[in-house]
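Visitor: File follows, model.cif with mmCIF, C-alpha atoms:
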data_query
loop_
_atom_site.label_atom_id
_atom_site.label_comp_id
_atom_site.auth_asym_id
_atom_site.auth_seq_id
_atom_site.Cartn_x
_atom_site.Cartn_y
_atom_site.Cartn_z
CA MET L 144 -12.02 10.81 23.66
CA THR L 145 -14.02 10.37 20.46
CA SER L 146 -12.37 8.68 17.47
CA ASN L 147 -14.20 10.84 14.93
CA GLY L 148 -11.71 12.87 12.93
CA LEU L 149 -8.78 10.54 13.70
CA ILE L 150 -6.79 8.15 11.51
CA LEU L 151 -4.66 5.30 12.83
CA GLY L 152 -1.41 4.91 10.89
CA ILE L 153 0.59 1.66 10.75
CA GLU L 154 4.16 1.59 9.40
CA THR L 155 6.16 -1.64 8.92
CA SER L 156 8.10 -1.03 5.71
CA CYS L 157 11.50 -1.97 7.13
CA ASP L 158 12.75 -2.56 10.67
CA ASP L 159 10.58 -0.52 13.03
CA THR L 160 7.03 -1.35 14.05
CA ALA L 161 5.31 2.03 14.31
CA VAL L 162 1.75 3.13 15.02
CA GLY L 163 0.34 6.65 15.28
CA LEU L 164 -2.99 8.40 15.73
CA VAL L 165 -3.37 11.75 13.96
CA ASP L 166 -6.14 14.26 13.30
CA GLU L 167 -6.67 16.14 10.05
CA ARG L 168 -4.57 19.12 11.20
CA GLY L 169 -1.56 16.91 11.89
CA GLN L 170 -1.86 16.85 15.66
CA VAL L 171 -0.42 13.59 16.98
CA ILE L 172 -2.77 12.16 19.60
CA ALA L 173 -0.63 9.11 20.39
CA SER L 174 2.37 7.31 18.90
CA ALA L 175 4.49 4.26 19.64
CA VAL L 176 7.50 2.65 17.99
CA ALA L 177 8.98 -0.78 18.65
CA SER L 178 12.58 -0.40 17.48
CA GLN L 179 14.60 -3.29 16.04
CA VAL L 180 17.99 -1.56 16.23
CA LEU L 181 19.40 -3.95 18.83
CA ILE L 182 18.22 -6.94 16.79
CA HIS L 183 19.92 -5.87 13.56
CA ASN L 184 23.02 -4.23 15.00
CA ARG L 185 24.82 -7.59 15.11
CA TYR L 186 24.36 -7.95 11.34
CA GLY L 187 25.48 -4.42 10.48
CA GLY L 188 22.19 -3.83 8.66
CA VAL L 189 18.61 -5.02 8.37
CA TYR L 190 18.10 -8.79 8.10
CA PRO L 191 14.75 -8.99 6.22
CA GLU L 192 13.46 -12.31 7.58
CA VAL L 193 14.32 -11.36 11.14
CA ALA L 194 12.63 -7.99 10.62
CA SER L 195 9.33 -9.51 9.50
CA ARG L 196 9.30 -11.95 12.42
CA ALA L 197 9.91 -9.11 14.86
CA HIS L 198 7.00 -7.18 13.34
CA ILE L 199 4.73 -10.17 13.95
CA ASP L 200 5.69 -10.14 17.63
CA LYS L 201 5.34 -6.39 18.14
CA ILE L 202 2.54 -5.08 15.94
CA ILE L 203 -0.52 -5.93 18.06
CA PRO L 204 1.11 -4.77 21.34
CA THR L 205 2.13 -1.52 19.60
CA VAL L 206 -1.40 -0.90 18.29
CA ARG L 207 -2.80 -1.68 21.73
CA MET L 208 -0.39 0.78 23.35
CA VAL L 209 -1.57 3.63 21.11
CA LEU L 210 -5.23 2.82 21.68
CA GLU L 211 -4.75 2.67 25.45
CA ASP L 212 -2.74 5.88 25.52
CA SER L 213 -5.42 7.74 23.59
CA GLY L 214 -8.49 6.14 25.13
CA ILE L 215 -10.32 6.17 21.78
CA ASN L 216 -12.99 3.84 20.45
CA PRO L 217 -11.37 2.28 17.35
CA ARG L 218 -14.77 1.57 15.77
CA GLU L 219 -15.22 5.32 15.32
CA LEU L 220 -11.96 5.92 13.43
CA GLU L 221 -12.14 7.75 10.10
CA ALA L 222 -9.81 5.11 8.64
CA ILE L 223 -6.69 3.02 9.12
CA GLY L 224 -3.74 4.06 6.97
CA VAL L 225 -1.05 1.44 6.40
CA THR L 226 2.18 1.44 4.42
CA ARG L 227 1.79 -0.59 1.22
CA GLY L 228 5.29 0.13 -0.13
CA PRO L 229 8.04 0.61 -0.94
CA GLY L 230 9.80 -1.68 1.51
CA LEU L 231 10.65 -5.26 2.42
CA ILE L 232 7.94 -7.65 1.25
CA GLY L 233 7.75 -9.63 4.51
CA SER L 234 7.61 -6.52 6.65
CA LEU L 235 4.96 -4.90 4.44
CA MET L 236 2.80 -8.02 4.57
CA VAL L 237 2.71 -8.01 8.37
CA GLY L 238 1.45 -4.42 8.49
CA LEU L 239 -1.04 -4.85 5.64
CA ASP L 240 -2.48 -8.10 6.96
CA THR L 241 -2.83 -6.70 10.47
CA ALA L 242 -4.42 -3.46 9.26
CA SER L 243 -6.85 -5.39 7.03
CA GLY L 244 -7.92 -7.59 9.93
CA LEU L 245 -8.38 -4.65 12.28
CA ALA L 246 -10.34 -2.67 9.66
CA ALA L 247 -12.66 -5.61 9.06
CA GLY L 248 -13.14 -6.22 12.78
CA TRP L 249 -13.80 -2.56 13.61
CA GLY L 250 -15.83 -1.84 10.46
CA VAL L 251 -13.68 1.13 9.34
CA PRO L 252 -12.12 1.97 5.94
CA ILE L 253 -8.50 1.04 5.17
CA VAL L 254 -6.09 3.08 3.04
CA GLY L 255 -2.86 1.75 1.50
CA VAL L 256 -0.25 4.54 1.77
CA ASN L 257 2.94 5.17 -0.21
CA HIS L 258 5.70 5.27 2.43
CA LEU L 259 7.48 8.08 0.55
CA ARG L 260 4.38 10.26 0.69
CA GLY L 261 4.26 9.59 4.40
CA HIS L 262 7.72 11.11 4.73
CA LEU L 263 6.63 14.13 2.69
CA ARG L 264 3.73 14.78 5.05
CA SER L 265 5.87 14.38 8.19
CA ALA L 266 6.91 18.01 7.79
CA ASP L 267 3.36 19.09 8.68
CA LEU L 268 3.03 17.01 11.84
CA GLU L 269 2.29 19.14 14.94
CA GLU L 270 2.39 22.35 12.86
CA GLN L 271 1.42 23.26 9.29
CA ARG L 272 4.85 24.28 7.95
CA VAL L 273 4.87 23.66 4.20
CA GLU L 274 4.12 26.48 1.77
CA PHE L 275 3.52 25.61 -1.88
CA PRO L 276 5.10 25.31 -4.33
CA ALA L 277 7.70 23.35 -2.38
CA MET L 278 10.99 21.70 -3.22
CA ILE L 279 11.35 18.32 -1.51
CA LEU L 280 14.61 16.64 -0.53
CA LEU L 281 13.89 13.14 0.76
CA VAL L 282 16.95 11.54 2.33
CA SER L 283 16.78 8.19 4.07
CA GLY L 284 18.35 4.75 4.28
CA GLY L 285 16.59 3.66 1.12
CA HIS L 286 16.03 6.85 -0.87
CA THR L 287 17.65 10.09 -1.92
CA LEU L 288 15.54 12.21 -4.26
CA LEU L 289 14.35 15.66 -5.20
CA ALA L 290 10.71 16.38 -6.03
CA ARG L 291 8.62 19.40 -6.91
CA MET L 292 5.43 19.56 -4.85
CA ASN L 293 2.58 21.90 -5.85
CA GLY L 294 0.22 20.28 -3.34
CA PRO L 295 -0.19 17.02 -1.43
CA SER L 296 -1.53 15.27 -4.55
CA ASP L 297 0.63 17.06 -7.16
CA ILE L 298 4.20 15.78 -6.98
CA LYS L 299 6.84 15.48 -9.72
CA LEU L 300 10.15 13.64 -9.33
CA ILE L 301 13.03 15.78 -10.65
CA GLY L 302 16.12 14.04 -9.26
CA ASN L 303 16.98 10.59 -7.95
CA THR L 304 19.96 8.57 -6.77
CA LEU L 305 21.78 6.61 -9.46
CA ASP L 306 23.05 4.02 -6.95
CA ASP L 307 23.29 4.17 -3.14
CA SER L 308 21.12 6.46 -1.08
CA VAL L 309 22.93 8.85 1.25
CA GLY L 310 21.57 6.93 4.26
CA GLU L 311 22.89 3.67 2.82
CA ALA L 312 26.31 5.29 2.33
CA TYR L 313 26.24 6.43 5.97
CA ASP L 314 25.49 2.87 7.13
CA LYS L 315 28.25 1.34 4.99
CA VAL L 316 30.86 3.87 6.10
CA SER L 317 29.80 3.34 9.71
CA ARG L 318 30.40 -0.39 9.25
CA MET L 319 33.86 0.28 7.77
CA LEU L 320 34.73 2.41 10.79
CA GLY L 321 33.42 -0.17 13.26
CA LEU L 322 30.72 2.17 14.54
CA GLY L 323 27.73 -0.16 14.20
CA TYR L 324 24.20 0.23 12.87
CA PRO L 325 22.39 2.51 12.19
CA GLY L 326 25.19 4.68 10.89
CA GLY L 327 23.63 8.14 10.68
CA PRO L 328 23.62 9.34 14.30
CA VAL L 329 26.99 7.86 15.25
CA VAL L 330 28.80 9.03 12.09
CA ASP L 331 27.43 12.56 12.56
CA ARG L 332 28.49 12.48 16.21
CA MET L 333 32.02 11.40 15.32
CA ALA L 334 32.17 13.98 12.53
CA GLY L 335 31.48 16.73 15.04
CA ALA L 336 34.75 15.90 16.80
CA GLY L 337 36.86 15.59 13.64
CA VAL L 338 38.57 17.75 11.02
CA PRO L 339 37.32 17.33 7.40
CA HIS L 340 40.77 17.43 5.81
CA ILE L 341 40.53 14.30 3.60
CA PRO L 342 39.63 15.26 0.00
CA PHE L 343 36.93 12.67 -0.65
CA PRO L 344 35.12 13.08 -4.01
CA ARG L 345 31.78 14.83 -4.47
CA PRO L 346 30.20 12.61 -7.15
CA VAL L 347 28.22 14.38 -9.93
CA ILE L 348 28.07 17.52 -7.80
CA ASN L 349 28.26 19.78 -10.86
CA HIS L 350 25.84 17.90 -13.09
CA GLY L 351 22.05 17.83 -13.05
CA LEU L 352 19.80 16.95 -10.14
CA ASP L 353 20.57 13.24 -9.75
CA PHE L 354 22.72 11.87 -6.92
CA SER L 355 25.45 9.24 -6.64
CA PHE L 356 27.04 8.06 -3.41
CA SER L 357 28.57 4.72 -4.37
CA GLY L 358 31.84 6.31 -5.49
CA LEU L 359 32.15 8.29 -2.28
CA LYS L 360 31.61 5.14 -0.21
CA SER L 361 34.27 3.33 -2.27
CA ALA L 362 36.69 6.24 -1.86
CA VAL L 363 36.37 5.97 1.92
CA MET L 364 37.08 2.23 1.74
CA ARG L 365 40.19 2.76 -0.43
CA TYR L 366 41.46 5.46 1.93
CA LEU L 367 41.09 3.21 4.97
CA GLU L 368 42.93 0.39 3.19
CA ALA L 369 45.77 2.60 1.94
CA GLU L 370 46.43 4.95 4.85
CA LYS L 371 47.92 4.24 8.26
CA GLY L 372 47.08 5.95 11.51
CA TRP L 373 43.85 7.54 10.34
CA LYS L 374 41.47 8.96 12.91
CA VAL L 375 37.87 7.81 12.94
CA GLU L 376 36.69 11.33 13.70
CA ASP L 377 38.54 12.87 10.74
CA VAL L 378 37.34 10.20 8.30
CA ALA L 379 33.76 10.70 9.51
CA ALA L 380 34.05 14.50 9.28
CA SER L 381 35.45 14.32 5.74
CA PHE L 382 32.77 11.87 4.61
CA VAL L 383 29.96 13.96 6.10
CA ALA L 384 31.36 17.14 4.54
CA ALA L 385 31.32 15.47 1.11
CA CYS L 386 27.71 14.30 1.61
CA MET L 387 26.55 17.74 2.75
CA ASP L 388 28.28 19.49 -0.17
CA VAL L 389 26.48 17.25 -2.66
CA LEU L 390 23.06 17.50 -1.02
CA ILE L 391 23.18 21.29 -0.66
CA ALA L 392 24.57 21.83 -4.17
CA LYS L 393 21.71 19.81 -5.65
CA CYS L 394 19.14 21.70 -3.56
CA ARG L 395 20.59 25.02 -4.64
CA ARG L 396 20.43 23.99 -8.30
CA ALA L 397 16.86 22.70 -7.91
CA LEU L 398 15.67 25.91 -6.25
CA ALA L 399 17.21 27.95 -9.07
CA ALA L 400 15.50 25.82 -11.72
CA TYR L 401 12.16 25.56 -9.88
CA PRO L 402 11.45 28.69 -7.81
CA SER L 403 9.79 27.58 -4.59
CA SER L 404 8.27 29.02 -1.46
CA SER L 405 9.77 26.37 0.79
CA LEU L 406 12.44 23.69 0.93
CA VAL L 407 11.14 20.58 2.69
CA ILE L 408 13.72 18.07 3.94
CA VAL L 409 12.35 14.75 5.20
CA GLY L 410 13.47 11.17 5.86
CA GLY L 411 15.78 9.74 8.49
CA VAL L 412 18.80 11.78 7.37
CA ALA L 413 16.73 14.95 7.93
CA ALA L 414 17.62 14.46 11.60
CA SER L 415 21.29 15.10 10.78
CA PRO L 416 22.56 18.24 12.58
CA PRO L 417 25.05 19.09 9.78
CA LEU L 418 22.28 18.85 7.16
CA ARG L 419 19.89 20.98 9.18
CA ALA L 420 22.54 23.66 9.66
CA ALA L 421 23.62 23.67 6.00
CA ALA L 422 20.01 23.74 4.79
CA ALA L 423 19.21 26.68 7.07
CA ALA L 424 22.10 28.65 5.57
CA LEU L 425 20.98 27.78 2.04
CA CYS L 426 17.39 28.85 2.69
CA GLU L 427 18.49 32.15 4.19
CA GLU L 428 20.62 32.73 1.10
CA ALA L 429 17.81 31.77 -1.30
CA GLY L 430 14.99 33.49 0.58
CA VAL L 431 12.83 30.38 0.96
CA ARG L 432 11.26 28.81 4.03
CA LEU L 433 13.00 25.74 5.47
CA CYS L 434 10.51 23.08 6.55
CA LEU L 435 11.84 20.25 8.70
CA PRO L 436 9.85 17.68 10.67
CA PRO L 437 10.48 17.62 14.41
CA LEU L 438 13.35 15.22 15.11
CA LYS L 439 11.08 12.50 16.49
CA TRP L 440 9.06 12.45 13.24
CA SER L 441 12.09 12.34 10.91
CA THR L 442 12.60 8.58 11.09
CA ASP L 443 9.91 6.03 10.15
CA ASN L 444 6.77 6.44 12.25
CA GLY L 445 3.08 5.69 12.16
CA ALA L 446 2.01 9.33 12.52
CA MET L 447 3.36 10.26 9.09
CA ILE L 448 1.42 7.40 7.49
CA ALA L 449 -1.77 8.55 9.19
CA MET L 450 -1.10 12.13 8.03
CA ALA L 451 -0.65 10.98 4.43
CA ALA L 452 -3.81 8.87 4.64
CA TRP L 453 -5.83 12.08 5.04
CA ASP L 454 -4.72 13.08 1.52
CA TYR L 455 -6.02 9.79 0.15
CA LEU L 456 -9.42 10.37 1.78
CA ALA L 457 -9.54 13.97 0.54
CA THR L 458 -9.06 12.87 -3.08
CA ASP L 459 -11.30 9.80 -2.72
CA ASN L 460 -8.34 7.67 -3.76
CA HIS L 461 -8.97 3.93 -3.56
CA THR L 462 -5.49 2.50 -4.01
CA PRO L 463 -5.51 -1.31 -3.64
CA VAL L 464 -4.31 -2.42 -0.22
CA ALA L 465 -1.60 -4.72 -1.54
CA PRO L 466 2.18 -4.75 -1.03
CA GLN L 467 4.38 -3.09 -3.63
CA THR L 468 8.10 -3.24 -2.93
CA SER L 469 8.86 -0.51 -5.48
CA LEU L 470 6.96 2.78 -5.66
CA THR L 471 8.00 6.23 -6.83
CA ILE L 472 7.24 9.48 -5.06
CA GLU L 473 4.76 10.23 -7.86
CA SER L 474 2.70 7.11 -7.13
CA PHE L 475 -0.33 7.41 -4.90
#
Show how you would write the structure in this file as structure tokens.
Guide:
Amino acid sequence: MTSNGLILGIETSCDDTAVGLVDERGQVIASAVASQVLIHNRYGGVYPEVASRAHIDKIIPTVRMVLEDSGINPRELEAIGVTRGPGLIGSLMVGLDTASGLAAGWGVPIVGVNHLRGHLRSADLEEQRVEFPAMILLVSGGHTLLARMNGPSDIKLIGNTLDDSVGEAYDKVSRMLGLGYPGGPVVDRMAGAGVPHIPFPRPVINHGLDFSFSGLKSAVMRYLEAEKGWKVEDVAASFVAACMDVLIAKCRRALAAYPSSSLVIVGGVAASPPLRAAAAALCEEAGVRLCLPPLKWSTDNGAMIAMAAWDYLATDNHTPVAPQTSLTIESF
């Protein structure tokens, strides 16, 4: 297979070593992820130094796996796209240093990609789904935000979290309930078997487009300390119901303020069955198209970074290939 018209994407912003090969239409030619879940589960969250060391061990084998699966000649790649931020500094450095070395060795261009823009473009992997203008809800372990997107290079932040992200709240509640890390899948699974009868708060649900989940997390902790005989399933169901109410209320308000053709939900929490179901109902009510990445592209992956790198090439953007632990969705 020829490498012309393909970009290799490398993602090491946090705790997964991910590599993907994508063409300009978003077709994923090959992808591989070396997960660190088992490594960090004992800590109840990501241990940054351990994460960066694991990336060092896994990144070259993961790149090699993608190249072997695809059978491409890496010297003919259009470019290498690599996450430059936001993320953990040690983890970012491993990906950036590796990508820089490979680009120099193969004689191909390198593009430093904003991880958040990678998530935005994950909705167009395998199929062009997004219609503009689009409302974006990005929900992950590190971010919860709303953005207005008129095109891949025209993005405006309109709402952000004031404290914890929804994914962070999931992880902390999971730890309180003894369910382990990561919290999202297991808390959602438990919630499906419970009754949401506990009146947990819905922070700032009636005000603006910003989010707050710290108070909800604290309310769960106080409930567990004060009550006897609580059921894990009911606590999980009540917590998830509160999260979904807040997320959907903010999306509804954003769509009313900024009429849009589509609602795009991306990030790790976009894999949540309750969120997908609630968002589908909202979009039917509002008459907008719901755009969700396939489940396997919801969490961090190299394919989304490669997809976003095409936007950088299209706009001739020469962002410095240097780590930046803090970037906004508006930053290229």
Visitor: Kindly give the distance, in Å, that separates CA of Val383 (chain L) and CA of Leu418 (chain L), rounded to a single decimal.
Guide: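 Result for CA of Val383 (chain L) versus CA of Leu418 (chain L): 9.2 Å, one decimal.
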Visitor: Residues at most 7 Å from region 329-335 of chain L, counting all atoms listed in the file, excluding those fewer than 3 positions away in the same chain, as a list in words?
Guide: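 Contacts, with the query itself left out: Ser317, Leu322, Gly326, Glu376, Asp377, Ala379, Ala380, Val383 and Ser415 of chain L.
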Visitor: Between L:Leu235, L:Val171, L:Ala414, L:Ala362, which residue has the minimum interatomic distance to Ile199 (chain L), considering all atoms listed in the file?
Guide: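 Among the listed residues, the smallest separation from Ile199 (chain L) belongs to L:Leu235.
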Visitor: Tell me which protein, DNA and RNA residues are within 9 Å of Thr471 (chain L), counting only C-alpha atoms, leaving out same-chain ones fewer than 5 positions away, and put them as a ChimeraX atom specification.
Guide: /L:229,257,259,300
Visitor: Between L:Val180, L:Val254, L:Val206, L:Ala369, which one has atoms that come closest to Gly445 (chain L), using all atoms listed in the file?
Guide: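 Answer, going by the shortest atom-to-atom distance: L:Val206.
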Visitor: Near Ile153 (chain L), within 9 Å and counting all atoms listed in the file, which residues show up once chain neighbours fewer than 6 positions away are dropped, as a PyMOL selection string?
Guide: chain L and resi 160-163+202+206+223-226+238-239+242+444-446+448-449
Visitor: Would you pick out the contacts of Gly228 (chain L) at 10 Å or less, using only C-alpha atoms, so that residues sharing its chain but fewer than 5 positions from it are not included, and give the list as a count of residues only?
Guide: 21
Visitor: Which residue out of L:Leu320, L:Cys426, L:Met387, L:Ile301 has the minimum interatomic distance to Trp373 (chain L) when only C-alpha atoms are used?
Guide: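 Closest candidate: L:Leu320.
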Visitor: Dump as number ranges by chain all residues having an atom at most 9 Å from (4.9, 12.8, 1.9), computed in the file's coordinates with all atoms listed in the file.
Guide: L: 257-266, 295, 409, 447-448, 450-451, 472
Visitor: Counting all atoms listed in the file, which of L:Val209, L:Leu288, L:Cys434, L:Leu181 gets nearest to Ala197 (chain L)?
Guide: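 Looking at the shortest contact to Ala197 (chain L), the residue is L:Leu181.
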Visitor: Just so the selection is clear, what residues does the PyMOL selection byres ((chain L and resi 340) around 8) cover here, as a count of residues only?
Guide: 6
Visitor: To one decimal in Å, tell me the separation between CA of Gly187 (chain L) and CA of Gly285 (chain L).
Guide: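 About the pair CA of Gly187 (chain L) and CA of Gly285 (chain L): they are 15.2 Å apart.
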Visitor: Nearest residue to Asp307 (chain L) out of L:Arg396, L:Lys371, L:Lys201, L:His286, using all atoms listed in the file?
Guide: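 The closest residue to Asp307 (chain L) is L:His286.
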Visitor: Compare L:Pro463, L:Tyr186, L:Leu433, L:Phe382 by their minimum atom-to-atom distance to Ala421 (chain L), counting only C-alpha atoms, and give me the closest one.
Guide: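 Ranked by minimum distance to Ala421 (chain L), first place goes to L:Leu433.
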